[in-house]
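Just model_10.cif here, mmCIF, C-alpha atoms:
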data_work
loop_
_atom_site.label_atom_id
_atom_site.label_comp_id
_atom_site.auth_asym_id
_atom_site.auth_seq_id
_atom_site.Cartn_x
_atom_site.Cartn_y
_atom_site.Cartn_z
CA MET A 29 22.02 -1.53 -11.39
CA LEU A 30 23.02 -1.57 -7.70
CA PHE A 31 22.69 1.62 -5.67
CA ASP A 32 24.38 1.32 -2.27
CA GLU A 33 23.81 3.52 0.77
CA ASN A 34 26.42 6.06 -0.34
CA ALA A 35 25.02 6.27 -3.87
CA ILE A 36 21.51 6.86 -2.48
CA LYS A 37 22.81 9.47 -0.01
CA GLY A 38 24.56 11.17 -2.93
CA PHE A 39 21.38 11.62 -4.96
CA ASP A 40 19.98 15.14 -5.27
CA LYS A 41 17.15 15.57 -2.75
CA GLY A 42 14.32 15.51 -5.31
CA PHE A 43 15.78 12.51 -7.13
CA ARG A 44 16.12 10.60 -3.85
CA VAL A 45 12.56 11.44 -2.80
CA ASN A 46 11.16 10.08 -6.07
CA PHE A 47 13.45 7.04 -6.04
CA ILE A 48 12.68 6.00 -2.45
CA ASN A 49 8.98 6.69 -2.94
CA SER A 50 9.00 4.20 -5.84
CA LEU A 51 10.59 1.34 -3.92
CA SER A 52 7.65 0.08 -1.86
CA GLY A 53 5.75 -0.88 -5.04
CA PHE A 54 2.31 0.25 -6.16
CA LYS A 55 0.36 2.25 -3.61
CA SER A 56 -3.29 2.83 -2.83
CA ALA A 57 -4.84 6.17 -3.80
CA ASN A 58 -7.28 7.51 -1.23
CA LEU A 59 -8.83 10.83 -0.39
CA ILE A 60 -9.10 11.38 3.37
CA GLY A 61 -12.13 13.46 4.32
CA THR A 62 -12.17 15.28 7.66
CA CYS A 63 -13.66 18.36 9.29
CA ASN A 64 -12.58 20.50 12.20
CA GLY A 65 -14.69 21.30 15.27
CA ASN A 66 -16.43 24.08 13.30
CA ASP A 67 -17.44 21.62 10.54
CA LEU A 68 -15.00 23.12 7.99
CA PRO A 69 -14.32 20.25 5.57
CA ASN A 70 -10.82 19.18 4.56
CA LEU A 71 -9.66 16.73 1.93
CA SER A 72 -6.21 15.25 1.41
CA LEU A 73 -4.63 12.61 -0.83
CA PHE A 74 -2.90 9.69 0.90
CA SER A 75 -1.06 6.78 -0.70
CA SER A 76 -0.25 5.02 2.57
CA ALA A 77 -3.46 3.25 3.60
CA VAL A 78 -2.64 -0.18 4.95
CA HIS A 79 -4.80 -3.09 6.08
CA LEU A 80 -4.27 -3.91 9.76
CA GLY A 81 -6.94 -6.47 10.52
CA ALA A 82 -10.44 -7.69 9.69
CA ASP A 83 -11.78 -8.35 13.22
CA PRO A 84 -11.73 -5.74 14.60
CA ALA A 85 -11.78 -4.07 11.17
CA LEU A 86 -8.82 -1.68 11.28
CA LEU A 87 -7.04 0.43 8.68
CA GLY A 88 -3.81 2.40 9.09
CA LEU A 89 -2.56 5.63 7.47
CA ILE A 90 0.89 7.20 7.74
CA SER A 91 0.92 10.91 8.61
CA ARG A 92 4.20 12.65 7.82
CA PRO A 93 5.54 15.31 10.19
CA ASP A 94 6.41 17.85 7.50
CA SER A 95 3.35 17.27 5.45
CA VAL A 96 0.63 19.50 4.10
CA VAL A 97 -1.74 16.92 5.51
CA ARG A 98 -1.21 18.13 9.10
CA ASP A 99 -4.76 19.52 9.03
CA THR A 100 -5.96 15.97 8.46
CA LEU A 101 -4.43 14.57 11.64
CA GLU A 102 -5.45 17.63 13.69
CA ASN A 103 -9.04 17.28 12.49
CA ILE A 104 -9.07 13.53 13.14
CA ARG A 105 -7.85 14.12 16.69
CA GLU A 106 -10.39 16.90 17.24
CA VAL A 107 -13.47 15.18 15.82
CA GLY A 108 -12.49 11.51 16.22
CA GLU A 109 -13.80 10.59 12.77
CA TYR A 110 -12.65 10.53 9.14
CA THR A 111 -13.45 8.98 5.79
CA ILE A 112 -11.32 7.05 3.28
CA ASN A 113 -12.50 7.42 -0.33
CA HIS A 114 -11.03 5.51 -3.28
CA VAL A 115 -9.62 7.62 -6.09
CA HIS A 116 -10.83 6.43 -9.50
CA ALA A 117 -9.69 7.31 -13.01
CA GLY A 118 -12.45 9.91 -13.36
CA ILE A 119 -11.27 12.04 -10.42
CA TYR A 120 -7.52 11.47 -10.15
CA GLN A 121 -6.65 15.00 -11.33
CA GLN A 122 -8.96 16.58 -8.73
CA ALA A 123 -7.56 14.20 -6.10
CA HIS A 124 -3.99 15.16 -7.00
CA GLN A 125 -4.85 18.85 -6.70
CA SER A 126 -5.94 18.30 -3.07
CA SER A 127 -2.25 17.77 -2.21
CA ALA A 128 -1.47 21.46 -2.89
CA ARG A 129 -0.59 23.57 0.18
CA TYR A 130 -3.90 25.31 0.74
CA PRO A 131 -4.39 27.36 3.93
CA SER A 132 -6.30 25.61 6.74
CA GLU A 133 -9.41 27.75 6.18
CA VAL A 134 -9.78 26.56 2.56
CA SER A 135 -11.95 23.53 1.80
CA GLU A 136 -10.08 21.37 -0.69
CA PHE A 137 -13.45 19.95 -1.75
CA GLU A 138 -14.43 23.33 -3.12
CA VAL A 139 -11.17 24.32 -4.83
CA CYS A 140 -10.61 20.85 -6.29
CA GLY A 141 -14.16 20.41 -7.61
CA LEU A 142 -15.25 17.52 -5.44
CA THR A 143 -18.44 17.26 -3.40
CA PRO A 144 -18.68 16.61 0.36
CA GLU A 145 -21.21 13.90 1.17
CA TYR A 146 -22.58 13.49 4.68
CA PHE A 147 -23.94 10.36 6.31
CA LYS A 148 -26.36 10.34 9.23
CA GLY A 149 -24.68 10.39 12.62
CA PHE A 150 -21.24 11.04 11.13
CA LYS A 151 -19.54 14.45 11.09
CA ALA A 152 -16.63 13.88 8.69
CA PRO A 153 -17.45 14.34 4.98
CA ALA A 154 -17.02 11.58 2.40
CA VAL A 155 -16.43 12.23 -1.31
CA LEU A 156 -19.64 11.98 -3.34
CA GLU A 157 -17.73 11.21 -6.55
CA SER A 158 -15.88 8.21 -5.07
CA HIS A 159 -17.35 4.79 -5.75
CA ILE A 160 -15.98 3.15 -2.60
CA LYS A 161 -15.99 5.05 0.70
CA ILE A 162 -15.31 4.09 4.28
CA LEU A 163 -16.35 5.88 7.48
CA LEU A 164 -13.93 5.38 10.36
CA SER A 165 -13.59 6.36 13.99
CA LEU A 166 -10.15 7.08 15.41
CA GLU A 167 -8.76 4.15 17.36
CA ASP A 168 -5.16 5.16 18.07
CA VAL A 169 -2.27 7.34 16.87
CA ILE A 170 1.10 5.65 17.22
CA PRO A 171 4.29 7.75 17.00
CA ILE A 172 7.13 6.43 14.85
CA PRO A 173 10.29 7.63 16.62
CA SER A 174 12.61 6.87 13.66
CA ASN A 175 11.42 9.88 11.65
CA GLY A 176 8.54 11.59 13.46
CA CYS A 177 5.78 10.02 11.34
CA GLN A 178 2.61 8.81 12.99
CA LEU A 179 0.48 5.76 12.29
CA ILE A 180 -3.21 6.72 12.39
CA ILE A 181 -5.39 3.70 13.19
CA GLY A 182 -9.12 3.74 12.50
CA THR A 183 -11.98 1.35 13.11
CA ILE A 184 -14.22 0.80 10.09
CA LYS A 185 -17.75 1.85 11.06
CA THR A 186 -19.43 1.84 7.65
CA ALA A 187 -18.43 0.89 4.09
CA ILE A 188 -20.20 2.08 0.96
CA VAL A 189 -19.53 -0.27 -1.96
CA PRO A 190 -21.38 -0.66 -5.28
CA VAL A 191 -23.25 -3.94 -4.93
CA ASP A 192 -22.32 -5.06 -8.45
CA ALA A 193 -18.62 -4.84 -7.48
CA LEU A 194 -19.03 -7.43 -4.72
CA TYR A 195 -17.79 -10.96 -5.35
CA GLU A 196 -19.45 -13.95 -3.69
CA SER A 197 -16.36 -14.36 -1.48
CA GLY A 198 -16.69 -10.82 -0.09
CA SER A 199 -13.81 -9.41 -2.17
CA ILE A 200 -14.48 -6.18 -4.03
CA ASP A 201 -13.75 -5.85 -7.75
CA LEU A 202 -11.73 -2.63 -7.48
CA SER A 203 -10.75 -2.51 -11.14
CA SER A 204 -14.44 -2.53 -12.17
CA GLN A 205 -14.70 0.72 -10.18
CA LYS A 206 -11.65 2.19 -11.96
CA THR A 207 -9.80 2.55 -8.64
CA VAL A 208 -6.30 3.75 -9.55
CA THR A 209 -2.90 2.98 -8.08
CA ILE A 210 0.00 5.40 -7.50
CA SER A 211 3.72 4.93 -7.83
CA SER A 212 6.32 7.43 -6.69
CA LEU A 213 4.56 10.69 -5.75
CA ASP A 214 2.73 11.63 -8.91
CA ARG A 215 2.26 8.67 -11.25
CA TYR A 216 -1.29 7.36 -11.66
CA HIS A 217 -2.14 3.98 -13.16
CA ASN A 218 -5.03 1.87 -14.33
CA VAL A 219 -5.33 -1.67 -13.05
CA THR A 220 -6.54 -4.78 -14.89
CA PRO A 221 -6.99 -8.21 -13.31
CA ILE A 222 -4.62 -11.06 -14.09
CA ASN A 223 -6.10 -13.77 -11.89
CA GLN A 224 -7.41 -14.79 -8.53
CA LEU A 225 -5.43 -17.67 -7.01
CA SER A 226 -6.66 -20.37 -4.66
CA TYR A 227 -5.61 -20.41 -0.98
CA ALA A 228 -1.99 -21.59 -0.90
CA LYS A 229 -1.36 -24.98 0.71
CA PRO A 230 2.00 -26.72 1.18
CA ASN A 231 1.42 -29.75 -1.02
CA SER A 232 -0.41 -28.30 -4.01
CA LYS A 233 0.15 -25.57 -6.55
CA PRO A 234 -2.18 -22.58 -6.58
CA SER A 235 -4.96 -22.82 -9.13
CA ILE A 236 -6.84 -20.04 -10.86
CA VAL A 237 -10.22 -19.33 -9.27
CA THR A 238 -13.24 -17.98 -11.07
CA GLU A 239 -16.05 -16.66 -8.92
CA GLY A 240 -19.27 -14.83 -9.55
CA LYS A 241 -20.62 -11.57 -8.22
CA VAL A 242 -23.23 -11.34 -5.45
CA CYS A 243 -25.51 -9.40 -7.74
CA VAL A 244 -25.65 -10.02 -11.48
CA ARG A 245 -27.12 -7.19 -13.50
CA MET B 18 -24.80 -0.17 -1.00
CA LEU B 19 -24.16 0.86 2.61
CA PHE B 20 -22.82 -1.73 5.05
CA ASP B 21 -22.92 -0.46 8.63
CA GLU B 22 -21.01 -1.84 11.59
CA ASN B 23 -23.69 -4.41 12.38
CA ALA B 24 -23.88 -5.59 8.78
CA ILE B 25 -20.09 -6.01 8.67
CA LYS B 26 -20.09 -7.84 12.03
CA GLY B 27 -22.80 -10.11 10.66
CA PHE B 28 -20.76 -11.25 7.65
CA ASP B 29 -19.41 -14.80 7.68
CA LYS B 30 -15.77 -14.74 8.80
CA GLY B 31 -14.30 -15.50 5.38
CA PHE B 32 -16.56 -12.98 3.64
CA ARG B 33 -15.60 -10.29 6.15
CA VAL B 34 -11.88 -11.04 5.78
CA ASN B 35 -12.07 -10.63 2.00
CA PHE B 36 -14.31 -7.56 2.22
CA ILE B 37 -12.15 -5.69 4.75
CA ASN B 38 -8.97 -6.70 2.92
CA SER B 39 -10.36 -5.03 -0.21
CA LEU B 40 -11.14 -1.69 1.39
CA SER B 41 -7.68 -0.10 1.63
CA GLY B 42 -7.38 -0.10 -2.19
CA PHE B 43 -4.66 -1.67 -4.32
CA LYS B 44 -1.71 -3.07 -2.40
CA SER B 45 1.95 -3.64 -3.13
CA ALA B 46 3.14 -7.20 -3.76
CA ASN B 47 6.50 -7.97 -2.22
CA LEU B 48 8.45 -11.07 -1.29
CA ILE B 49 10.32 -10.65 2.00
CA GLY B 50 13.57 -12.60 2.09
CA THR B 51 15.12 -13.49 5.45
CA CYS B 52 17.33 -16.13 7.02
CA ASN B 53 17.70 -17.41 10.56
CA GLY B 54 20.96 -17.51 12.54
CA ASN B 55 21.83 -20.79 10.80
CA ASP B 56 21.44 -19.19 7.35
CA LEU B 57 18.26 -21.13 6.55
CA PRO B 58 16.45 -18.95 4.00
CA ASN B 59 12.80 -17.97 4.32
CA LEU B 60 10.51 -16.22 1.89
CA SER B 61 7.09 -14.71 2.52
CA LEU B 62 4.57 -12.66 0.56
CA PHE B 63 3.57 -9.29 2.04
CA SER B 64 1.05 -6.79 0.67
CA SER B 65 1.62 -4.21 3.42
CA ALA B 66 4.85 -2.42 2.48
CA VAL B 67 4.47 1.30 3.15
CA HIS B 68 6.75 4.26 2.46
CA LEU B 69 7.75 6.01 5.69
CA GLY B 70 10.35 8.53 4.57
CA ALA B 71 13.11 9.29 2.06
CA ASP B 72 15.76 10.77 4.40
CA PRO B 73 16.44 8.59 6.30
CA ALA B 74 15.13 6.10 3.73
CA LEU B 75 12.64 3.99 5.67
CA LEU B 76 10.06 1.39 4.69
CA GLY B 77 7.42 -0.22 6.90
CA LEU B 78 5.80 -3.67 6.86
CA ILE B 79 2.89 -4.92 8.94
CA SER B 80 3.43 -8.27 10.66
CA ARG B 81 0.26 -9.96 11.81
CA PRO B 82 0.15 -11.87 15.10
CA ASP B 83 -1.63 -14.95 13.76
CA SER B 84 0.26 -15.10 10.55
CA VAL B 85 2.28 -17.76 8.80
CA VAL B 86 4.88 -15.02 8.38
CA ARG B 87 5.96 -15.21 12.03
CA ASP B 88 9.23 -16.80 10.85
CA THR B 89 9.88 -13.59 8.92
CA LEU B 90 9.76 -11.34 11.98
CA GLU B 91 11.71 -13.84 14.11
CA ASN B 92 14.44 -13.99 11.47
CA ILE B 93 14.53 -10.22 11.07
CA ARG B 94 14.95 -9.82 14.82
CA GLU B 95 17.64 -12.50 14.94
CA VAL B 96 19.73 -11.38 11.96
CA GLY B 97 18.79 -7.69 11.78
CA GLU B 98 18.49 -7.76 7.99
CA TYR B 99 15.91 -8.55 5.30
CA THR B 100 15.12 -7.97 1.66
CA ILE B 101 12.03 -6.63 -0.12
CA ASN B 102 11.60 -7.98 -3.65
CA HIS B 103 8.92 -6.80 -6.08
CA VAL B 104 6.57 -9.47 -7.41
CA HIS B 105 6.17 -9.25 -11.19
CA ALA B 106 3.72 -10.93 -13.53
CA GLY B 107 6.21 -13.70 -14.34
CA ILE B 108 6.50 -14.95 -10.73
CA TYR B 109 3.19 -14.10 -9.08
CA GLN B 110 2.11 -17.75 -8.81
CA GLN B 111 5.38 -18.75 -7.12
CA ALA B 112 5.08 -15.69 -4.85
CA HIS B 113 1.52 -16.64 -3.88
CA GLN B 114 2.64 -20.18 -3.05
CA SER B 115 5.13 -18.78 -0.50
CA SER B 116 2.13 -17.84 1.66
CA ALA B 117 1.33 -21.51 2.37
CA ARG B 118 1.96 -22.69 5.94
CA TYR B 119 5.28 -24.46 5.49
CA PRO B 120 7.18 -25.64 8.57
CA SER B 121 9.99 -23.34 9.77
CA GLU B 122 12.69 -25.72 8.53
CA VAL B 123 11.45 -25.55 4.92
CA SER B 124 12.91 -22.94 2.56
CA GLU B 125 10.05 -21.36 0.62
CA PHE B 126 12.56 -20.48 -2.08
CA GLU B 127 13.05 -24.15 -2.82
CA VAL B 128 9.46 -25.35 -2.66
CA CYS B 129 8.14 -22.34 -4.61
CA GLY B 130 10.76 -22.48 -7.36
CA LEU B 131 12.51 -19.17 -6.68
CA THR B 132 16.25 -18.62 -6.30
CA PRO B 133 17.99 -17.02 -3.32
CA GLU B 134 20.49 -14.37 -4.38
CA TYR B 135 23.17 -13.14 -1.99
CA PHE B 136 24.91 -9.78 -1.94
CA LYS B 137 28.35 -9.16 -0.44
CA GLY B 138 28.25 -8.23 3.23
CA PHE B 139 24.54 -9.04 3.55
CA LYS B 140 23.19 -12.23 5.09
CA ALA B 141 19.51 -12.14 4.10
CA PRO B 142 18.71 -13.57 0.66
CA ALA B 143 17.08 -11.56 -2.12
CA VAL B 144 15.02 -13.10 -4.93
CA LEU B 145 17.05 -13.56 -8.11
CA GLU B 146 13.93 -13.53 -10.30
CA SER B 147 12.70 -10.14 -9.00
CA HIS B 148 13.56 -7.10 -11.09
CA ILE B 149 13.55 -4.63 -8.19
CA LYS B 150 15.06 -5.64 -4.83
CA ILE B 151 15.90 -3.74 -1.68
CA LEU B 152 18.29 -4.73 1.12
CA LEU B 153 17.30 -3.35 4.53
CA SER B 154 18.57 -3.35 8.07
CA LEU B 155 16.09 -3.48 10.94
CA GLU B 156 15.49 -0.07 12.47
CA ASP B 157 12.57 -0.67 14.85
CA VAL B 158 9.59 -2.91 15.60
CA ILE B 159 6.58 -1.01 16.88
CA PRO B 160 3.74 -2.89 18.58
CA ILE B 161 0.17 -2.00 17.57
CA PRO B 162 -1.88 -2.53 20.75
CA SER B 163 -5.27 -2.43 18.95
CA ASN B 164 -4.86 -5.90 17.47
CA GLY B 165 -1.40 -7.25 18.27
CA CYS B 166 0.13 -6.45 14.86
CA GLN B 167 3.63 -5.05 14.65
CA LEU B 168 5.08 -2.41 12.35
CA ILE B 169 8.53 -3.52 11.15
CA ILE B 170 10.65 -0.51 10.15
CA GLY B 171 13.74 -0.96 8.00
CA THR B 172 16.45 1.36 6.70
CA ILE B 173 17.18 0.97 2.98
CA LYS B 174 20.84 0.00 2.60
CA THR B 175 20.91 -0.95 -1.07
CA ALA B 176 18.46 -0.90 -3.98
CA ILE B 177 18.83 -2.94 -7.16
CA VAL B 178 16.84 -1.38 -10.00
CA PRO B 179 17.09 -1.94 -13.78
CA VAL B 180 18.75 1.21 -15.09
CA ASP B 181 16.37 1.43 -18.04
CA ALA B 182 13.43 1.70 -15.60
CA LEU B 183 14.81 4.87 -14.03
CA TYR B 184 13.23 8.20 -14.96
CA GLU B 185 15.27 11.40 -14.97
CA SER B 186 13.37 12.53 -11.85
CA GLY B 187 14.45 9.46 -9.87
CA SER B 188 11.06 7.73 -10.11
CA ILE B 189 11.06 4.10 -11.19
CA ASP B 190 8.85 2.87 -14.04
CA LEU B 191 7.32 -0.05 -12.12
CA SER B 192 4.89 -1.03 -14.87
CA SER B 193 7.80 -1.51 -17.33
CA GLN B 194 9.06 -4.12 -14.88
CA LYS B 195 5.64 -5.84 -14.77
CA THR B 196 5.38 -5.23 -11.00
CA VAL B 197 1.90 -6.43 -10.00
CA THR B 198 -0.60 -5.10 -7.48
CA ILE B 199 -2.84 -7.13 -5.15
CA SER B 200 -6.37 -6.54 -3.99
CA SER B 201 -8.09 -8.52 -1.25
CA LEU B 202 -5.93 -11.52 -0.34
CA ASP B 203 -5.56 -13.35 -3.61
CA ARG B 204 -6.27 -11.10 -6.61
CA TYR B 205 -3.32 -10.16 -8.80
CA HIS B 206 -3.37 -7.34 -11.33
CA ASN B 207 -1.36 -5.74 -14.13
CA VAL B 208 -0.77 -2.02 -14.03
CA THR B 209 -0.62 0.43 -16.92
CA PRO B 210 0.26 4.12 -16.63
CA ILE B 211 -2.38 6.81 -17.04
CA ASN B 212 -0.28 9.92 -16.45
CA GLN B 213 2.26 11.67 -14.34
CA LEU B 214 0.94 14.95 -12.92
CA SER B 215 2.88 18.10 -12.08
CA TYR B 216 3.48 19.14 -8.46
CA ALA B 217 0.17 20.50 -7.17
CA LYS B 218 0.06 24.24 -6.36
CA PRO B 219 -2.90 26.21 -4.97
CA ASN B 220 -3.46 28.55 -7.91
CA SER B 221 -2.97 26.28 -10.91
CA LYS B 222 -4.39 23.01 -12.18
CA PRO B 223 -2.11 19.99 -12.43
CA SER B 224 -0.67 19.42 -15.90
CA ILE B 225 0.46 16.18 -17.47
CA VAL B 226 4.23 15.70 -17.32
CA THR B 227 6.30 13.75 -19.82
CA GLU B 228 9.82 12.90 -18.79
CA GLY B 229 12.59 10.76 -20.23
CA LYS B 230 14.54 7.89 -18.80
CA VAL B 231 18.08 8.22 -17.43
CA CYS B 232 19.30 5.63 -19.90
CA VAL B 233 17.82 5.31 -23.37
CA ARG B 234 18.41 1.94 -25.03
#
Can I see the file as structure tokens?
Amino acid sequence: MLFDENAIKGFDKGFRVNFINSLSGFKSANLIGTCNGNDLPNLSLFSSAVHLGADPALLGLISRPDSVVRDTLENIREVGEYTINHVHAGIYQQAHQSSARYPSEVSEFEVCGLTPEYFKGFKAPAVLESHIKILLSLEDVIPIPSNGCQLIIGTIKTAIVPVDALYESGSIDLSSQKTVTISSLDRYHNVTPINQLSYAKPNSKPSIVTEGKVCVR
Amino acid sequence: MLFDENAIKGFDKGFRVNFINSLSGFKSANLIGTCNGNDLPNLSLFSSAVHLGADPALLGLISRPDSVVRDTLENIREVGEYTINHVHAGIYQQAHQSSARYPSEVSEFEVCGLTPEYFKGFKAPAVLESHIKILLSLEDVIPIPSNGCQLIIGTIKTAIVPVDALYESGSIDLSSQKTVTISSLDRYHNVTPINQLSYAKPNSKPSIVTEGKVCVR
């Protein structure tokens, strides 16, 4: 069914929010760990992490102007560091709860039942329960004039990845770690591999690749 | 296992590319349809679509400087329009093939076995075989100084969605449409729902929501 601009404008606000939030496809599910200058931890769910480049290793996050996650950006600006922690099927309900509008002085770790984990030389807390966690330093914050969002860009300083999830190629087997994916605002999903495909070249069809892990247990 | 900045810098280039590309979590899988001023169609696979806002309805895409998708951004700038088409399990191999480095004068639709579909009053081609397709007009292109990427921002003009995939809340049941998700550069996955959770509030735990579709067949 075709929905034109007028039809979309005519949707009730909540319906439009859910509809538009579904259109980009499946989204990553990450908990962003920060702290303010007084070391008060903060945790917030983001579904907008985006790969920007491998060298330098950069990740982006979209911060919305009207969002409950404003503490996140303020903390990142203040401390210059943050963590990205994959949400897996065992903690998705706790992760979802972190999106509630808690006052700034509340640690979402505590009220959501997740544990801050600290790494040497790094102020921002990671999530102990996450299987894959990334420590980043702030690189840039780019304003998006069209709607007041901001693109937060971070440099990957450290990555914590279960060694048995690591393929020989360097890819990480995210589904083995039960990393979930989000659609719309509130729909959580499990992910199962179809295939890995070979590097695409003009004069051949992609073939299915099978590769081993770095560490076989 | 902890990989610090030196460990990551020490990875072989290909290993690092795959590793870093895995860290953001699961990614959307979209075919971007464009044409140049002479109506030559172009198709390219992107895993970087990101929701920017529902009102105005905006989506972002990351365009890499060194990418084979440079035709995509050039066409979008020239024509001011493009389409985003969800990749489903029935066309993921054709979609992957569109990432091969074809010359500008080749239509990836043709060589990959996908069909351009045109909508009245809109120059850029959509993908007939996709179940969910979005027609956008270019809103802005924002340079990312850190690595030369660009954030392409588009306004959603029209969305084509199977009516039986539409929930009463406005969310779209992407897994019913076999929309896939990508991890790393080349790993395709099926997605199955776990749950929808209620809107998170500070003093209650999230509950599991069950909602119906707009149209029951």
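Put simply, CA of Leu68 in chain A is 9.1 Å away from CA of Ser132 in chain A.
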task: Tell me which of A:Gly182, A:Pro153, A:Gly81, A:Gly38 sits closest to Glu136 in chain A, counting only C-alpha atoms.
output: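 Of all the options, A:Pro153 lies closest to Glu136 in chain A.
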task: Compile the residues of chain A that lie within 6 Å of chain B, evaluated using only C-alpha atoms, and express the compilation as an MDAnalysis selection string.
output: chainID A and resid 29:33 43 45:48 50 52:56 77 82 125 128 130 185:191 197:200 212 214:225 228:230
Selection to disk with C-alpha atoms, as a PDB file, keeping the file's coordinate frame:
ATOM      1  CA  MET A  29      22.020  -1.530 -11.390  1.00  0.00           C
ATOM      2  CA  LEU A  30      23.020  -1.570  -7.700  1.00  0.00           C
ATOM      3  CA  PHE A  31      22.690   1.620  -5.670  1.00  0.00           C
ATOM      4  CA  ASP A  32      24.380   1.320  -2.270  1.00  0.00           C
ATOM      5  CA  GLU A  33      23.810   3.520   0.770  1.00  0.00           C
ATOM      6  CA  PHE A  43      15.780  12.510  -7.130  1.00  0.00           C
ATOM      7  CA  VAL A  45      12.560  11.440  -2.800  1.00  0.00           C
ATOM      8  CA  ASN A  46      11.160  10.080  -6.070  1.00  0.00           C
ATOM      9  CA  PHE A  47      13.450   7.040  -6.040  1.00  0.00           C
ATOM     10  CA  ILE A  48      12.680   6.000  -2.450  1.00  0.00           C
ATOM     11  CA  SER A  50       9.000   4.200  -5.840  1.00  0.00           C
ATOM     12  CA  SER A  52       7.650   0.080  -1.860  1.00  0.00           C
ATOM     13  CA  GLY A  53       5.750  -0.880  -5.040  1.00  0.00           C
ATOM     14  CA  PHE A  54       2.310   0.250  -6.160  1.00  0.00           C
ATOM     15  CA  LYS A  55       0.360   2.250  -3.610  1.00  0.00           C
ATOM     16  CA  SER A  56      -3.290   2.830  -2.830  1.00  0.00           C
ATOM     17  CA  ALA A  77      -3.460   3.250   3.600  1.00  0.00           C
ATOM     18  CA  ALA A  82     -10.440  -7.690   9.690  1.00  0.00           C
ATOM     19  CA  GLN A 125      -4.850  18.850  -6.700  1.00  0.00           C
ATOM     20  CA  ALA A 128      -1.470  21.460  -2.890  1.00  0.00           C
ATOM     21  CA  TYR A 130      -3.900  25.310   0.740  1.00  0.00           C
ATOM     22  CA  LYS A 185     -17.750   1.850  11.060  1.00  0.00           C
ATOM     23  CA  THR A 186     -19.430   1.840   7.650  1.00  0.00           C
ATOM     24  CA  ALA A 187     -18.430   0.890   4.090  1.00  0.00           C
ATOM     25  CA  ILE A 188     -20.200   2.080   0.960  1.00  0.00           C
ATOM     26  CA  VAL A 189     -19.530  -0.270  -1.960  1.00  0.00           C
ATOM     27  CA  PRO A 190     -21.380  -0.660  -5.280  1.00  0.00           C
ATOM     28  CA  VAL A 191     -23.250  -3.940  -4.930  1.00  0.00           C
ATOM     29  CA  SER A 197     -16.360 -14.360  -1.480  1.00  0.00           C
ATOM     30  CA  GLY A 198     -16.690 -10.820  -0.090  1.00  0.00           C
ATOM     31  CA  SER A 199     -13.810  -9.410  -2.170  1.00  0.00           C
ATOM     32  CA  ILE A 200     -14.480  -6.180  -4.030  1.00  0.00           C
ATOM     33  CA  SER A 212       6.320   7.430  -6.690  1.00  0.00           C
ATOM     34  CA  ASP A 214       2.730  11.630  -8.910  1.00  0.00           C
ATOM     35  CA  ARG A 215       2.260   8.670 -11.250  1.00  0.00           C
ATOM     36  CA  TYR A 216      -1.290   7.360 -11.660  1.00  0.00           C
ATOM     37  CA  HIS A 217      -2.140   3.980 -13.160  1.00  0.00           C
ATOM     38  CA  ASN A 218      -5.030   1.870 -14.330  1.00  0.00           C
ATOM     39  CA  VAL A 219      -5.330  -1.670 -13.050  1.00  0.00           C
ATOM     40  CA  THR A 220      -6.540  -4.780 -14.890  1.00  0.00           C
ATOM     41  CA  PRO A 221      -6.990  -8.210 -13.310  1.00  0.00           C
ATOM     42  CA  ILE A 222      -4.620 -11.060 -14.090  1.00  0.00           C
ATOM     43  CA  ASN A 223      -6.100 -13.770 -11.890  1.00  0.00           C
ATOM     44  CA  GLN A 224      -7.410 -14.790  -8.530  1.00  0.00           C
ATOM     45  CA  LEU A 225      -5.430 -17.670  -7.010  1.00  0.00           C
ATOM     46  CA  ALA A 228      -1.990 -21.590  -0.900  1.00  0.00           C
ATOM     47  CA  LYS A 229      -1.360 -24.980   0.710  1.00  0.00           C
ATOM     48  CA  PRO A 230       2.000 -26.720   1.180  1.00  0.00           C
TER      49      PRO A 230
END
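Across the model, the gap from CA of Thr238 in chain A to CA of Val144 in chain B is 29.3 Å.
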field: Interatomic distance, CA of Asp99 in chain A to CA of Lys148 in chain A (Å, one decimal)
entry: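 Pair CA of Asp99 in chain A / CA of Lys148 in chain A returns 23.5 Å.
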Distance criterion (only C-alpha atoms): nearest to Ala123 in chain A out of A:Asn64, A:Ser158, A:Ser165, A:Thr100: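 The shortest atom-to-atom distance to Ala123 in chain A comes from A:Ser158.
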message: Can you spell out as a list in words the set of residues that the PyMOL selection byres ((chain B and resi 97) around 10) selects in the structure I just provided?
response: Thr51, Cys52, Asn53, Leu90, Glu91, Asn92, Ile93, Arg94, Glu95, Val96, Glu98, Tyr99, Lys140, Ala141, Leu153, Ser154, Leu155, Glu156, Asp157 and Gly171 of chain B
For the structure provided, state which residues fall under the PyMOL selection byres ((chain A and resi 157) around 8), and present them as a short mmCIF file (atom, residue, chain, number, x, y, z; two decimals) with C-alpha atoms, in the frame of the given file.
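After the write, selection15.cif holds the following:
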data_model
loop_
_atom_site.label_atom_id
_atom_site.label_comp_id
_atom_site.auth_asym_id
_atom_site.auth_seq_id
_atom_site.Cartn_x
_atom_site.Cartn_y
_atom_site.Cartn_z
CA ILE A 119 -11.27 12.04 -10.42
CA LEU A 142 -15.25 17.52 -5.44
CA THR A 143 -18.44 17.26 -3.40
CA VAL A 155 -16.43 12.23 -1.31
CA LEU A 156 -19.64 11.98 -3.34
CA SER A 158 -15.88 8.21 -5.07
CA HIS A 159 -17.35 4.79 -5.75
#
Hey, could you pull the box centre and edge lengths for range 132-150 of chain A, axis-aligned, 4 Å padding per side, all listed atoms, to one decimal in Å, as JSON?
{"center_x": -16.3, "center_y": 19.0, "center_z": 2.5, "size_x": 28.1, "size_y": 25.4, "size_z": 28.2}
